[in-house]
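Read the structure below first, then the notes.
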Amino acid sequence: MMKIAVLIGSPKGAKSTSFRLFKELQGLVNGEHECQELILDNPEVSAAGLQAIAESDILILSFPLYFDGIPGHFLACLPIIAKMIENQKHKPTVYALVHAGFFEGKQCVNAIACCKNWVAGMAAIWGGGVGIGAGAALASLKQVALGQGKRKSLGVAFTALAKAISDKRQVPDAYLSPDFPRFVYKLLVHRNWYASLKHHNLKRKDLYRRLP
Amino acid sequence: MKLIIHDLDQEQARRILPAPNEDCHIIDTTTMPKPCRGCFHCWIKTPGQCIIPDAYQNMGALIGRSRELILISSCLYGCESPAVKMVLDRSIGYMLPLFHITRNEMHHLSRYPRRLRFRVLFYGGAITEMEKATASRLIKAQALNLKARFVETRFFTDMETIKEAL
């Protein structure tokens, strides 16, 4: 049986888009596997977490794009893990799911490159990464089946990644945007922000507030 | 104003950095910043200000007042160090949540009108060529989101030479 450790790098933990996207991917992974999900929402890794990672055949990182890169608290966890994996013979195959608020999944390319450098540094095996544009919007469209309509590209990328995970082999990195127009996404996001402002009793002009 | 964010220890900082004055503000990370919670309150509840009450609460406004932002950081896998990155993650109040399209990519609009110079000085003796290539691309992407008018990424093996680059 294959052992999978999943590192969720969002500070929102099990309520996060990172977690929901992983769950959708997990639904596509074939074969018997034992999966342990670790929420890394601060710059520490527990001893139990390290133990699960040490025993894993496959490591999956799932995290949001923060300031074009890996969130700082999650980045702080990586050398702790690397120090352990460097010293063990058993090397996991590592996959990454990175999602952005921007429309273009391609903007995750540098975060995925950092993950690859981390993997190279500890002599583990890079399995492949997926950069997902408008990740939160795609994760929330649960009524649309993966691989259909607005989630067509997500379904294609996840199917390829899940197959690679099932076979423990490498897949080329993929970057995807949602299958609906960019201007529609922009309008919807802006409308969402304005609604959130109202919820906090603020006006639209407050959004632009400049502090001295 | 010149804003320097660094991860140097106290002794290194004393040797390398200029003394803070009204034209030079220095943010150190000797006390590890609390990480961003991803709540977006700095956009929709307290616009421009992080809700975590610590020394990094007003990073957006500080960057907004700066003509030059300099990061001095070790390089981890082609990224800034976790401490410096956590400060950057806490700085998104500098931007607006609204999007615009530039170079056929979606980016955030800026809250502040000034276009700053963005310089990143990475140090360390064991930075691989792959990490350098990643870091150079990452800093260009960050500069685009900061709406910087100038961007520079440099790598140093000798700490003393950083002093000359400042």
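All residue names refer to the structure tokens as shown: chains lettered A, B, ... in order, residues numbered from 1 in each chain, ligands numbered from 1 in order.
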
Using DSSP on the backbone coordinates, identify the residues of region 80-205 of chain A assigned to helix (DSSP H, G or I); present them as a PDB file with N, CA, C and O atoms, in the first residue's frame.
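The new file out-v8.pdb reads:
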```pdb
ATOM      1  N   ILE A  80      13.026  22.201   7.515  1.00  0.00           N
ATOM      2  CA  ILE A  80      12.893  21.245   8.630  1.00  0.00           C
ATOM      3  C   ILE A  80      12.658  19.844   8.042  1.00  0.00           C
ATOM      4  O   ILE A  80      13.272  18.859   8.447  1.00  0.00           O
ATOM      5  N   ILE A  81      11.784  19.811   7.038  1.00  0.00           N
ATOM      6  CA  ILE A  81      11.477  18.532   6.377  1.00  0.00           C
ATOM      7  C   ILE A  81      12.690  18.047   5.572  1.00  0.00           C
ATOM      8  O   ILE A  81      13.049  16.870   5.602  1.00  0.00           O
ATOM      9  N   ALA A  82      13.334  19.001   4.871  1.00  0.00           N
ATOM     10  CA  ALA A  82      14.481  18.643   4.015  1.00  0.00           C
ATOM     11  C   ALA A  82      15.610  18.029   4.848  1.00  0.00           C
ATOM     12  O   ALA A  82      16.242  17.055   4.429  1.00  0.00           O
ATOM     13  N   LYS A  83      15.837  18.593   6.019  1.00  0.00           N
ATOM     14  CA  LYS A  83      16.918  18.116   6.889  1.00  0.00           C
ATOM     15  C   LYS A  83      16.713  16.635   7.224  1.00  0.00           C
ATOM     16  O   LYS A  83      17.673  15.862   7.287  1.00  0.00           O
ATOM     17  N   MET A  84      15.449  16.272   7.401  1.00  0.00           N
ATOM     18  CA  MET A  84      15.153  14.873   7.725  1.00  0.00           C
ATOM     19  C   MET A  84      15.293  13.983   6.482  1.00  0.00           C
ATOM     20  O   MET A  84      15.934  12.927   6.542  1.00  0.00           O
ATOM     21  N   ILE A  85      14.717  14.430   5.371  1.00  0.00           N
ATOM     22  CA  ILE A  85      14.721  13.589   4.160  1.00  0.00           C
ATOM     23  C   ILE A  85      16.144  13.421   3.603  1.00  0.00           C
ATOM     24  O   ILE A  85      16.494  12.350   3.105  1.00  0.00           O
ATOM     25  N   GLU A  86      16.948  14.475   3.716  1.00  0.00           N
ATOM     26  CA  GLU A  86      18.349  14.409   3.264  1.00  0.00           C
ATOM     27  C   GLU A  86      19.074  13.211   3.879  1.00  0.00           C
ATOM     28  O   GLU A  86      19.905  12.581   3.245  1.00  0.00           O
ATOM     29  N   GLY A 105      -2.897  30.626 -14.295  1.00  0.00           N
ATOM     30  CA  GLY A 105      -2.154  29.658 -13.490  1.00  0.00           C
ATOM     31  C   GLY A 105      -0.654  29.765 -13.689  1.00  0.00           C
ATOM     32  O   GLY A 105       0.140  29.407 -12.819  1.00  0.00           O
ATOM     33  N   LYS A 106      -0.264  30.312 -14.830  1.00  0.00           N
ATOM     34  CA  LYS A 106       1.157  30.454 -15.177  1.00  0.00           C
ATOM     35  C   LYS A 106       1.902  31.295 -14.132  1.00  0.00           C
ATOM     36  O   LYS A 106       3.126  31.167 -13.984  1.00  0.00           O
ATOM     37  N   GLN A 107       1.150  32.137 -13.418  1.00  0.00           N
ATOM     38  CA  GLN A 107       1.809  32.983 -12.419  1.00  0.00           C
ATOM     39  C   GLN A 107       2.307  32.179 -11.215  1.00  0.00           C
ATOM     40  O   GLN A 107       3.001  32.712 -10.356  1.00  0.00           O
ATOM     41  N   CYS A 108       1.967  30.892 -11.164  1.00  0.00           N
ATOM     42  CA  CYS A 108       2.469  30.023 -10.084  1.00  0.00           C
ATOM     43  C   CYS A 108       3.834  29.435 -10.428  1.00  0.00           C
ATOM     44  O   CYS A 108       4.390  28.653  -9.647  1.00  0.00           O
ATOM     45  N   VAL A 109       4.369  29.776 -11.585  1.00  0.00           N
ATOM     46  CA  VAL A 109       5.580  29.104 -12.083  1.00  0.00           C
ATOM     47  C   VAL A 109       6.779  29.268 -11.132  1.00  0.00           C
ATOM     48  O   VAL A 109       7.561  28.326 -10.945  1.00  0.00           O
ATOM     49  N   ASN A 110       6.911  30.435 -10.512  1.00  0.00           N
ATOM     50  CA  ASN A 110       8.078  30.642  -9.639  1.00  0.00           C
ATOM     51  C   ASN A 110       7.942  29.878  -8.316  1.00  0.00           C
ATOM     52  O   ASN A 110       8.933  29.375  -7.782  1.00  0.00           O
ATOM     53  N   ALA A 111       6.721  29.789  -7.813  1.00  0.00           N
ATOM     54  CA  ALA A 111       6.494  29.009  -6.578  1.00  0.00           C
ATOM     55  C   ALA A 111       6.791  27.526  -6.849  1.00  0.00           C
ATOM     56  O   ALA A 111       7.396  26.842  -6.018  1.00  0.00           O
ATOM     57  N   ILE A 112       6.380  27.051  -8.005  1.00  0.00           N
ATOM     58  CA  ILE A 112       6.652  25.647  -8.350  1.00  0.00           C
ATOM     59  C   ILE A 112       8.157  25.440  -8.556  1.00  0.00           C
ATOM     60  O   ILE A 112       8.719  24.418  -8.143  1.00  0.00           O
ATOM     61  N   ALA A 113       8.821  26.439  -9.139  1.00  0.00           N
ATOM     62  CA  ALA A 113      10.287  26.345  -9.311  1.00  0.00           C
ATOM     63  C   ALA A 113      10.980  26.253  -7.938  1.00  0.00           C
ATOM     64  O   ALA A 113      11.949  25.495  -7.773  1.00  0.00           O
ATOM     65  N   CYS A 114      10.476  27.009  -6.952  1.00  0.00           N
ATOM     66  CA  CYS A 114      11.051  26.930  -5.594  1.00  0.00           C
ATOM     67  C   CYS A 114      10.862  25.527  -5.020  1.00  0.00           C
ATOM     68  O   CYS A 114      11.764  24.979  -4.380  1.00  0.00           O
ATOM     69  N   CYS A 115       9.683  24.941  -5.255  1.00  0.00           N
ATOM     70  CA  CYS A 115       9.425  23.571  -4.782  1.00  0.00           C
ATOM     71  C   CYS A 115      10.417  22.598  -5.430  1.00  0.00           C
ATOM     72  O   CYS A 115      10.953  21.705  -4.768  1.00  0.00           O
ATOM     73  N   LYS A 116      10.670  22.796  -6.721  1.00  0.00           N
ATOM     74  CA  LYS A 116      11.609  21.915  -7.430  1.00  0.00           C
ATOM     75  C   LYS A 116      13.019  22.057  -6.850  1.00  0.00           C
ATOM     76  O   LYS A 116      13.748  21.071  -6.723  1.00  0.00           O
ATOM     77  N   ASN A 117      13.411  23.285  -6.531  1.00  0.00           N
ATOM     78  CA  ASN A 117      14.743  23.498  -5.940  1.00  0.00           C
ATOM     79  C   ASN A 117      14.838  22.810  -4.575  1.00  0.00           C
ATOM     80  O   ASN A 117      15.885  22.277  -4.206  1.00  0.00           O
ATOM     81  N   TRP A 118      13.739  22.864  -3.831  1.00  0.00           N
ATOM     82  CA  TRP A 118      13.696  22.194  -2.523  1.00  0.00           C
ATOM     83  C   TRP A 118      13.883  20.680  -2.701  1.00  0.00           C
ATOM     84  O   TRP A 118      14.688  20.055  -1.996  1.00  0.00           O
ATOM     85  N   VAL A 119      13.165  20.130  -3.664  1.00  0.00           N
ATOM     86  CA  VAL A 119      13.246  18.688  -3.935  1.00  0.00           C
ATOM     87  C   VAL A 119      14.665  18.304  -4.379  1.00  0.00           C
ATOM     88  O   VAL A 119      15.233  17.314  -3.912  1.00  0.00           O
ATOM     89  N   ALA A 120      15.239  19.120  -5.264  1.00  0.00           N
ATOM     90  CA  ALA A 120      16.605  18.829  -5.754  1.00  0.00           C
ATOM     91  C   ALA A 120      17.605  18.863  -4.603  1.00  0.00           C
ATOM     92  O   ALA A 120      18.494  18.014  -4.510  1.00  0.00           O
ATOM     93  N   GLY A 121      17.432  19.811  -3.697  1.00  0.00           N
ATOM     94  CA  GLY A 121      18.358  19.988  -2.569  1.00  0.00           C
ATOM     95  C   GLY A 121      18.378  18.802  -1.626  1.00  0.00           C
ATOM     96  O   GLY A 121      19.384  18.537  -0.972  1.00  0.00           O
ATOM     97  N   GLY A 135      -8.003  29.870  -8.368  1.00  0.00           N
ATOM     98  CA  GLY A 135      -8.180  28.600  -7.645  1.00  0.00           C
ATOM     99  C   GLY A 135      -9.407  28.566  -6.754  1.00  0.00           C
ATOM    100  O   GLY A 135     -10.147  27.573  -6.751  1.00  0.00           O
ATOM    101  N   ALA A 136      -9.644  29.657  -6.009  1.00  0.00           N
ATOM    102  CA  ALA A 136     -10.785  29.672  -5.080  1.00  0.00           C
ATOM    103  C   ALA A 136     -12.096  29.585  -5.855  1.00  0.00           C
ATOM    104  O   ALA A 136     -13.026  28.878  -5.447  1.00  0.00           O
ATOM    105  N   ALA A 137     -12.160  30.287  -6.988  1.00  0.00           N
ATOM    106  CA  ALA A 137     -13.390  30.257  -7.797  1.00  0.00           C
ATOM    107  C   ALA A 137     -13.619  28.850  -8.345  1.00  0.00           C
ATOM    108  O   ALA A 137     -14.738  28.323  -8.284  1.00  0.00           O
ATOM    109  N   LEU A 138     -12.564  28.224  -8.839  1.00  0.00           N
ATOM    110  CA  LEU A 138     -12.705  26.871  -9.404  1.00  0.00           C
ATOM    111  C   LEU A 138     -13.090  25.857  -8.327  1.00  0.00           C
ATOM    112  O   LEU A 138     -13.894  24.963  -8.569  1.00  0.00           O
ATOM    113  N   ALA A 139     -12.516  26.021  -7.132  1.00  0.00           N
ATOM    114  CA  ALA A 139     -12.837  25.081  -6.048  1.00  0.00           C
ATOM    115  C   ALA A 139     -14.281  25.248  -5.588  1.00  0.00           C
ATOM    116  O   ALA A 139     -14.907  24.300  -5.120  1.00  0.00           O
ATOM    117  N   SER A 140     -14.809  26.462  -5.709  1.00  0.00           N
ATOM    118  CA  SER A 140     -16.170  26.709  -5.211  1.00  0.00           C
ATOM    119  C   SER A 140     -17.243  26.260  -6.221  1.00  0.00           C
ATOM    120  O   SER A 140     -18.406  26.155  -5.869  1.00  0.00           O
ATOM    121  N   GLY A 149     -17.288  21.940 -18.672  1.00  0.00           N
ATOM    122  CA  GLY A 149     -17.570  23.385 -18.661  1.00  0.00           C
ATOM    123  C   GLY A 149     -16.443  24.230 -18.106  1.00  0.00           C
ATOM    124  O   GLY A 149     -15.296  24.143 -18.574  1.00  0.00           O
ATOM    125  N   LYS A 150     -16.764  25.020 -17.082  1.00  0.00           N
ATOM    126  CA  LYS A 150     -15.795  25.978 -16.523  1.00  0.00           C
ATOM    127  C   LYS A 150     -14.606  25.286 -15.849  1.00  0.00           C
ATOM    128  O   LYS A 150     -13.593  25.910 -15.562  1.00  0.00           O
ATOM    129  N   ARG A 151     -14.769  23.983 -15.557  1.00  0.00           N
ATOM    130  CA  ARG A 151     -13.686  23.256 -14.873  1.00  0.00           C
ATOM    131  C   ARG A 151     -13.060  22.190 -15.780  1.00  0.00           C
ATOM    132  O   ARG A 151     -12.513  21.207 -15.305  1.00  0.00           O
ATOM    133  N   LYS A 152     -13.157  22.452 -17.071  1.00  0.00           N
ATOM    134  CA  LYS A 152     -12.622  21.478 -18.026  1.00  0.00           C
ATOM    135  C   LYS A 152     -11.096  21.326 -17.867  1.00  0.00           C
ATOM    136  O   LYS A 152     -10.577  20.224 -17.697  1.00  0.00           O
ATOM    137  N   SER A 153     -10.394  22.455 -17.915  1.00  0.00           N
ATOM    138  CA  SER A 153      -8.918  22.401 -17.844  1.00  0.00           C
ATOM    139  C   SER A 153      -8.450  21.856 -16.501  1.00  0.00           C
ATOM    140  O   SER A 153      -7.461  21.117 -16.435  1.00  0.00           O
ATOM    141  N   LEU A 154      -9.180  22.218 -15.423  1.00  0.00           N
ATOM    142  CA  LEU A 154      -8.817  21.694 -14.093  1.00  0.00           C
ATOM    143  C   LEU A 154      -8.933  20.173 -14.090  1.00  0.00           C
ATOM    144  O   LEU A 154      -8.058  19.468 -13.577  1.00  0.00           O
ATOM    145  N   GLY A 155     -10.011  19.676 -14.685  1.00  0.00           N
ATOM    146  CA  GLY A 155     -10.228  18.230 -14.750  1.00  0.00           C
ATOM    147  C   GLY A 155      -9.136  17.522 -15.546  1.00  0.00           C
ATOM    148  O   GLY A 155      -8.639  16.475 -15.128  1.00  0.00           O
ATOM    149  N   VAL A 156      -8.753  18.119 -16.666  1.00  0.00           N
ATOM    150  CA  VAL A 156      -7.708  17.510 -17.508  1.00  0.00           C
ATOM    151  C   VAL A 156      -6.388  17.436 -16.727  1.00  0.00           C
ATOM    152  O   VAL A 156      -5.728  16.388 -16.674  1.00  0.00           O
ATOM    153  N   ALA A 157      -6.018  18.551 -16.094  1.00  0.00           N
ATOM    154  CA  ALA A 157      -4.746  18.589 -15.351  1.00  0.00           C
ATOM    155  C   ALA A 157      -4.778  17.640 -14.146  1.00  0.00           C
ATOM    156  O   ALA A 157      -3.797  16.936 -13.874  1.00  0.00           O
ATOM    157  N   PHE A 158      -5.911  17.620 -13.419  1.00  0.00           N
ATOM    158  CA  PHE A 158      -6.009  16.762 -12.235  1.00  0.00           C
ATOM    159  C   PHE A 158      -6.013  15.283 -12.618  1.00  0.00           C
ATOM    160  O   PHE A 158      -5.462  14.448 -11.910  1.00  0.00           O
ATOM    161  N   THR A 159      -6.661  14.956 -13.730  1.00  0.00           N
ATOM    162  CA  THR A 159      -6.696  13.551 -14.171  1.00  0.00           C
ATOM    163  C   THR A 159      -5.278  13.067 -14.489  1.00  0.00           C
ATOM    164  O   THR A 159      -4.870  11.977 -14.060  1.00  0.00           O
ATOM    165  N   ALA A 160      -4.529  13.912 -15.200  1.00  0.00           N
ATOM    166  CA  ALA A 160      -3.143  13.541 -15.553  1.00  0.00           C
ATOM    167  C   ALA A 160      -2.285  13.425 -14.285  1.00  0.00           C
ATOM    168  O   ALA A 160      -1.496  12.480 -14.140  1.00  0.00           O
ATOM    169  N   LEU A 161      -2.471  14.382 -13.360  1.00  0.00           N
ATOM    170  CA  LEU A 161      -1.667  14.359 -12.136  1.00  0.00           C
ATOM    171  C   LEU A 161      -2.029  13.154 -11.268  1.00  0.00           C
ATOM    172  O   LEU A 161      -1.145  12.461 -10.735  1.00  0.00           O
ATOM    173  N   ALA A 162      -3.327  12.879 -11.152  1.00  0.00           N
ATOM    174  CA  ALA A 162      -3.778  11.750 -10.321  1.00  0.00           C
ATOM    175  C   ALA A 162      -3.256  10.421 -10.874  1.00  0.00           C
ATOM    176  O   ALA A 162      -2.858   9.538 -10.113  1.00  0.00           O
ATOM    177  N   LYS A 163      -3.243  10.308 -12.201  1.00  0.00           N
ATOM    178  CA  LYS A 163      -2.738   9.076 -12.825  1.00  0.00           C
ATOM    179  C   LYS A 163      -1.236   8.929 -12.522  1.00  0.00           C
ATOM    180  O   LYS A 163      -0.767   7.834 -12.204  1.00  0.00           O
ATOM    181  N   ALA A 164      -0.527  10.045 -12.610  1.00  0.00           N
ATOM    182  CA  ALA A 164       0.908  10.005 -12.320  1.00  0.00           C
ATOM    183  C   ALA A 164       1.153   9.611 -10.864  1.00  0.00           C
ATOM    184  O   ALA A 164       2.051   8.816 -10.559  1.00  0.00           O
ATOM    185  N   ILE A 165       0.322  10.152  -9.953  1.00  0.00           N
ATOM    186  CA  ILE A 165       0.470   9.810  -8.527  1.00  0.00           C
ATOM    187  C   ILE A 165       0.178   8.321  -8.326  1.00  0.00           C
ATOM    188  O   ILE A 165       0.915   7.623  -7.621  1.00  0.00           O
ATOM    189  N   SER A 166      -0.891   7.842  -8.956  1.00  0.00           N
ATOM    190  CA  SER A 166      -1.267   6.424  -8.815  1.00  0.00           C
ATOM    191  C   SER A 166      -0.127   5.508  -9.250  1.00  0.00           C
ATOM    192  O   SER A 166       0.115   4.466  -8.648  1.00  0.00           O
ATOM    193  N   ASP A 167       0.578   5.917 -10.325  1.00  0.00           N
ATOM    194  CA  ASP A 167       1.676   5.093 -10.866  1.00  0.00           C
ATOM    195  C   ASP A 167       3.032   5.506 -10.292  1.00  0.00           C
ATOM    196  O   ASP A 167       4.064   4.964 -10.694  1.00  0.00           O
ATOM    197  N   ARG A 182     -11.702  35.967 -18.891  1.00  0.00           N
ATOM    198  CA  ARG A 182     -10.988  36.667 -17.828  1.00  0.00           C
ATOM    199  C   ARG A 182     -11.751  37.891 -17.327  1.00  0.00           C
ATOM    200  O   ARG A 182     -11.773  38.166 -16.127  1.00  0.00           O
ATOM    201  N   PHE A 183     -12.404  38.624 -18.260  1.00  0.00           N
ATOM    202  CA  PHE A 183     -13.093  39.852 -17.826  1.00  0.00           C
ATOM    203  C   PHE A 183     -14.270  39.514 -16.908  1.00  0.00           C
ATOM    204  O   PHE A 183     -14.597  40.281 -16.000  1.00  0.00           O
ATOM    205  N   VAL A 184     -14.880  38.346 -17.114  1.00  0.00           N
ATOM    206  CA  VAL A 184     -16.001  37.932 -16.254  1.00  0.00           C
ATOM    207  C   VAL A 184     -15.472  37.652 -14.842  1.00  0.00           C
ATOM    208  O   VAL A 184     -16.055  38.095 -13.839  1.00  0.00           O
ATOM    209  N   TYR A 185     -14.359  36.949 -14.789  1.00  0.00           N
ATOM    210  CA  TYR A 185     -13.740  36.654 -13.478  1.00  0.00           C
ATOM    211  C   TYR A 185     -13.401  37.956 -12.745  1.00  0.00           C
ATOM    212  O   TYR A 185     -13.708  38.110 -11.563  1.00  0.00           O
ATOM    213  N   LYS A 186     -12.817  38.888 -13.482  1.00  0.00           N
ATOM    214  CA  LYS A 186     -12.424  40.173 -12.877  1.00  0.00           C
ATOM    215  C   LYS A 186     -13.658  40.906 -12.311  1.00  0.00           C
ATOM    216  O   LYS A 186     -13.643  41.365 -11.160  1.00  0.00           O
ATOM    217  N   LEU A 187     -14.718  40.929 -13.097  1.00  0.00           N
ATOM    218  CA  LEU A 187     -15.942  41.600 -12.645  1.00  0.00           C
ATOM    219  C   LEU A 187     -16.513  40.929 -11.390  1.00  0.00           C
ATOM    220  O   LEU A 187     -16.900  41.599 -10.433  1.00  0.00           O
ATOM    221  N   LEU A 188     -16.524  39.592 -11.400  1.00  0.00           N
ATOM    222  CA  LEU A 188     -17.082  38.856 -10.255  1.00  0.00           C
ATOM    223  C   LEU A 188     -16.260  39.066  -8.993  1.00  0.00           C
ATOM    224  O   LEU A 188     -16.795  39.247  -7.903  1.00  0.00           O
ATOM    225  N   VAL A 189     -14.928  39.052  -9.162  1.00  0.00           N
ATOM    226  CA  VAL A 189     -14.060  39.260  -7.986  1.00  0.00           C
ATOM    227  C   VAL A 189     -14.262  40.669  -7.424  1.00  0.00           C
ATOM    228  O   VAL A 189     -14.408  40.839  -6.209  1.00  0.00           O
ATOM    229  N   HIS A 190     -14.319  41.658  -8.299  1.00  0.00           N
ATOM    230  CA  HIS A 190     -14.508  43.033  -7.823  1.00  0.00           C
ATOM    231  C   HIS A 190     -15.850  43.172  -7.089  1.00  0.00           C
ATOM    232  O   HIS A 190     -15.927  43.777  -6.025  1.00  0.00           O
ATOM    233  N   ARG A 191     -16.866  42.553  -7.651  1.00  0.00           N
ATOM    234  CA  ARG A 191     -18.188  42.611  -7.011  1.00  0.00           C
ATOM    235  C   ARG A 191     -18.145  41.960  -5.631  1.00  0.00           C
ATOM    236  O   ARG A 191     -18.727  42.458  -4.667  1.00  0.00           O
ATOM    237  N   ASN A 192     -17.383  40.882  -5.542  1.00  0.00           N
ATOM    238  CA  ASN A 192     -17.231  40.170  -4.274  1.00  0.00           C
ATOM    239  C   ASN A 192     -16.536  41.047  -3.216  1.00  0.00           C
ATOM    240  O   ASN A 192     -16.946  41.089  -2.054  1.00  0.00           O
ATOM    241  N   TRP A 193     -15.501  41.767  -3.652  1.00  0.00           N
ATOM    242  CA  TRP A 193     -14.801  42.654  -2.708  1.00  0.00           C
ATOM    243  C   TRP A 193     -15.727  43.770  -2.228  1.00  0.00           C
ATOM    244  O   TRP A 193     -15.747  44.109  -1.043  1.00  0.00           O
ATOM    245  N   TYR A 194     -16.493  44.345  -3.140  1.00  0.00           N
ATOM    246  CA  TYR A 194     -17.404  45.433  -2.753  1.00  0.00           C
ATOM    247  C   TYR A 194     -18.444  44.931  -1.761  1.00  0.00           C
ATOM    248  O   TYR A 194     -18.790  45.623  -0.799  1.00  0.00           O
ATOM    249  N   ALA A 195     -18.924  43.704  -1.978  1.00  0.00           N
ATOM    250  CA  ALA A 195     -19.909  43.126  -1.052  1.00  0.00           C
ATOM    251  C   ALA A 195     -19.278  42.899   0.329  1.00  0.00           C
ATOM    252  O   ALA A 195     -19.909  43.133   1.363  1.00  0.00           O
ATOM    253  N   SER A 196     -18.009  42.471   0.335  1.00  0.00           N
ATOM    254  CA  SER A 196     -17.312  42.242   1.609  1.00  0.00           C
ATOM    255  C   SER A 196     -17.129  43.554   2.370  1.00  0.00           C
ATOM    256  O   SER A 196     -17.244  43.583   3.596  1.00  0.00           O
ATOM    257  N   LEU A 197     -16.847  44.624   1.638  1.00  0.00           N
ATOM    258  CA  LEU A 197     -16.704  45.941   2.279  1.00  0.00           C
ATOM    259  C   LEU A 197     -18.002  46.324   2.979  1.00  0.00           C
ATOM    260  O   LEU A 197     -18.002  46.788   4.116  1.00  0.00           O
ATOM    261  N   LYS A 198     -19.092  46.119   2.279  1.00  0.00           N
ATOM    262  CA  LYS A 198     -20.418  46.468   2.816  1.00  0.00           C
ATOM    263  C   LYS A 198     -20.680  45.681   4.102  1.00  0.00           C
ATOM    264  O   LYS A 198     -21.223  46.213   5.070  1.00  0.00           O
ATOM    265  N   HIS A 199     -20.263  44.434   4.078  1.00  0.00           N
ATOM    266  CA  HIS A 199     -20.434  43.567   5.243  1.00  0.00           C
ATOM    267  C   HIS A 199     -19.725  44.161   6.473  1.00  0.00           C
ATOM    268  O   HIS A 199     -20.139  43.964   7.606  1.00  0.00           O
ATOM    269  N   ARG A 204     -17.395  51.968  -0.817  1.00  0.00           N
ATOM    270  CA  ARG A 204     -16.426  51.653  -1.878  1.00  0.00           C
ATOM    271  C   ARG A 204     -15.178  52.525  -1.791  1.00  0.00           C
ATOM    272  O   ARG A 204     -14.063  52.051  -2.003  1.00  0.00           O
ATOM    273  N   LYS A 205     -15.387  53.802  -1.478  1.00  0.00           N
ATOM    274  CA  LYS A 205     -14.233  54.716  -1.447  1.00  0.00           C
ATOM    275  C   LYS A 205     -13.254  54.328  -0.321  1.00  0.00           C
ATOM    276  O   LYS A 205     -12.063  54.626  -0.403  1.00  0.00           O
TER     277      LYS A 205
END
```

(message) I'd like the contact shell of region 134-137 of chain B - 7 Å cut-off, only C-alpha atoms, skipping same-chain residues fewer than 2 positions apart - returned as a PyMOL selection string.
(response) (chain A and resi 110+113-114) or (chain B and resi 78-79+130-132+139-141+153)

Restricting the output to N, CA and C atoms, write the selected residues as a short mmCIF file (atom, residue, chain, number, x, y, z; two decimals), in the first residue's frame.
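Result written to out34.cif:
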```
data_model
loop_
_atom_site.label_atom_id
_atom_site.label_comp_id
_atom_site.auth_asym_id
_atom_site.auth_seq_id
_atom_site.Cartn_x
_atom_site.Cartn_y
_atom_site.Cartn_z
N ASN A 110 6.91 30.44 -10.51
CA ASN A 110 8.08 30.64 -9.64
C ASN A 110 7.94 29.88 -8.32
N ALA A 113 8.82 26.44 -9.14
CA ALA A 113 10.29 26.35 -9.31
C ALA A 113 10.98 26.25 -7.94
N CYS A 114 10.48 27.01 -6.95
CA CYS A 114 11.05 26.93 -5.59
C CYS A 114 10.86 25.53 -5.02
N GLY B 78 15.51 29.69 -3.90
CA GLY B 78 15.19 30.68 -4.93
C GLY B 78 14.20 31.72 -4.46
N CYS B 79 13.92 31.70 -3.17
CA CYS B 79 12.97 32.66 -2.59
C CYS B 79 13.69 33.45 -1.49
N MET B 130 20.44 27.13 -10.24
CA MET B 130 18.98 27.02 -10.40
C MET B 130 18.26 27.97 -9.45
N GLU B 131 18.75 28.03 -8.22
CA GLU B 131 18.12 28.93 -7.24
C GLU B 131 18.29 30.39 -7.66
N LYS B 132 19.45 30.71 -8.20
CA LYS B 132 19.66 32.09 -8.67
C LYS B 132 18.71 32.44 -9.81
N ILE B 139 11.76 37.70 -8.31
CA ILE B 139 11.85 39.12 -7.94
C ILE B 139 11.25 40.00 -9.04
N LYS B 140 11.43 39.62 -10.31
CA LYS B 140 10.81 40.37 -11.40
C LYS B 140 9.28 40.31 -11.29
N ALA B 141 8.76 39.14 -10.94
CA ALA B 141 7.30 38.99 -10.79
C ALA B 141 6.81 39.83 -9.61
N THR B 153 18.24 42.42 -8.88
CA THR B 153 18.50 41.25 -8.01
C THR B 153 19.99 40.97 -8.04
#
```

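Going from CA of Val171 (chain A) to CA of Pro71 (chain A) covers 24.4 Å.
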
(request) Pull out every residue of chain B sitting within 8 Å of chain A, counting only C-alpha atoms, and send them as a PyMOL selection string. (result) chain B and resi 35-38+43-45+47-49+61+77-79+81-86+88-89+92+96-99+105-107+111-112+130-131+134+137-138+141-142

(request) Might you pull out every residue within 7 Å of Arg115 (chain B), with only C-alpha atoms counted and same-chain residues fewer than 3 positions away left off, and present them as a PyMOL selection string? (result) chain B and resi 147-149

Output N, CA, C and O atoms of each residue in that selection to a file, as a short mmCIF file (atom, residue, chain, number, x, y, z; two decimals), in the first residue's frame.
```cif
data_model
loop_
_atom_site.label_atom_id
_atom_site.label_comp_id
_atom_site.auth_asym_id
_atom_site.auth_seq_id
_atom_site.Cartn_x
_atom_site.Cartn_y
_atom_site.Cartn_z
N LYS B 147 4.48 47.28 -8.72
CA LYS B 147 4.50 48.39 -9.69
C LYS B 147 5.82 49.14 -9.59
O LYS B 147 5.85 50.38 -9.64
N ALA B 148 6.91 48.42 -9.40
CA ALA B 148 8.22 49.06 -9.25
C ALA B 148 8.66 49.64 -10.60
O ALA B 148 8.39 49.06 -11.65
N ARG B 149 9.37 50.76 -10.53
CA ARG B 149 9.86 51.36 -11.78
C ARG B 149 11.27 50.88 -12.09
O ARG B 149 11.79 51.10 -13.18
#
```

(request) Choose the residue, out of A:Pro172, A:Gly9, A:Gly49, A:Gly31, that has the smallest atom-to-atom separation from Gly129 (chain A); count only C-alpha atoms. (result) A:Pro172
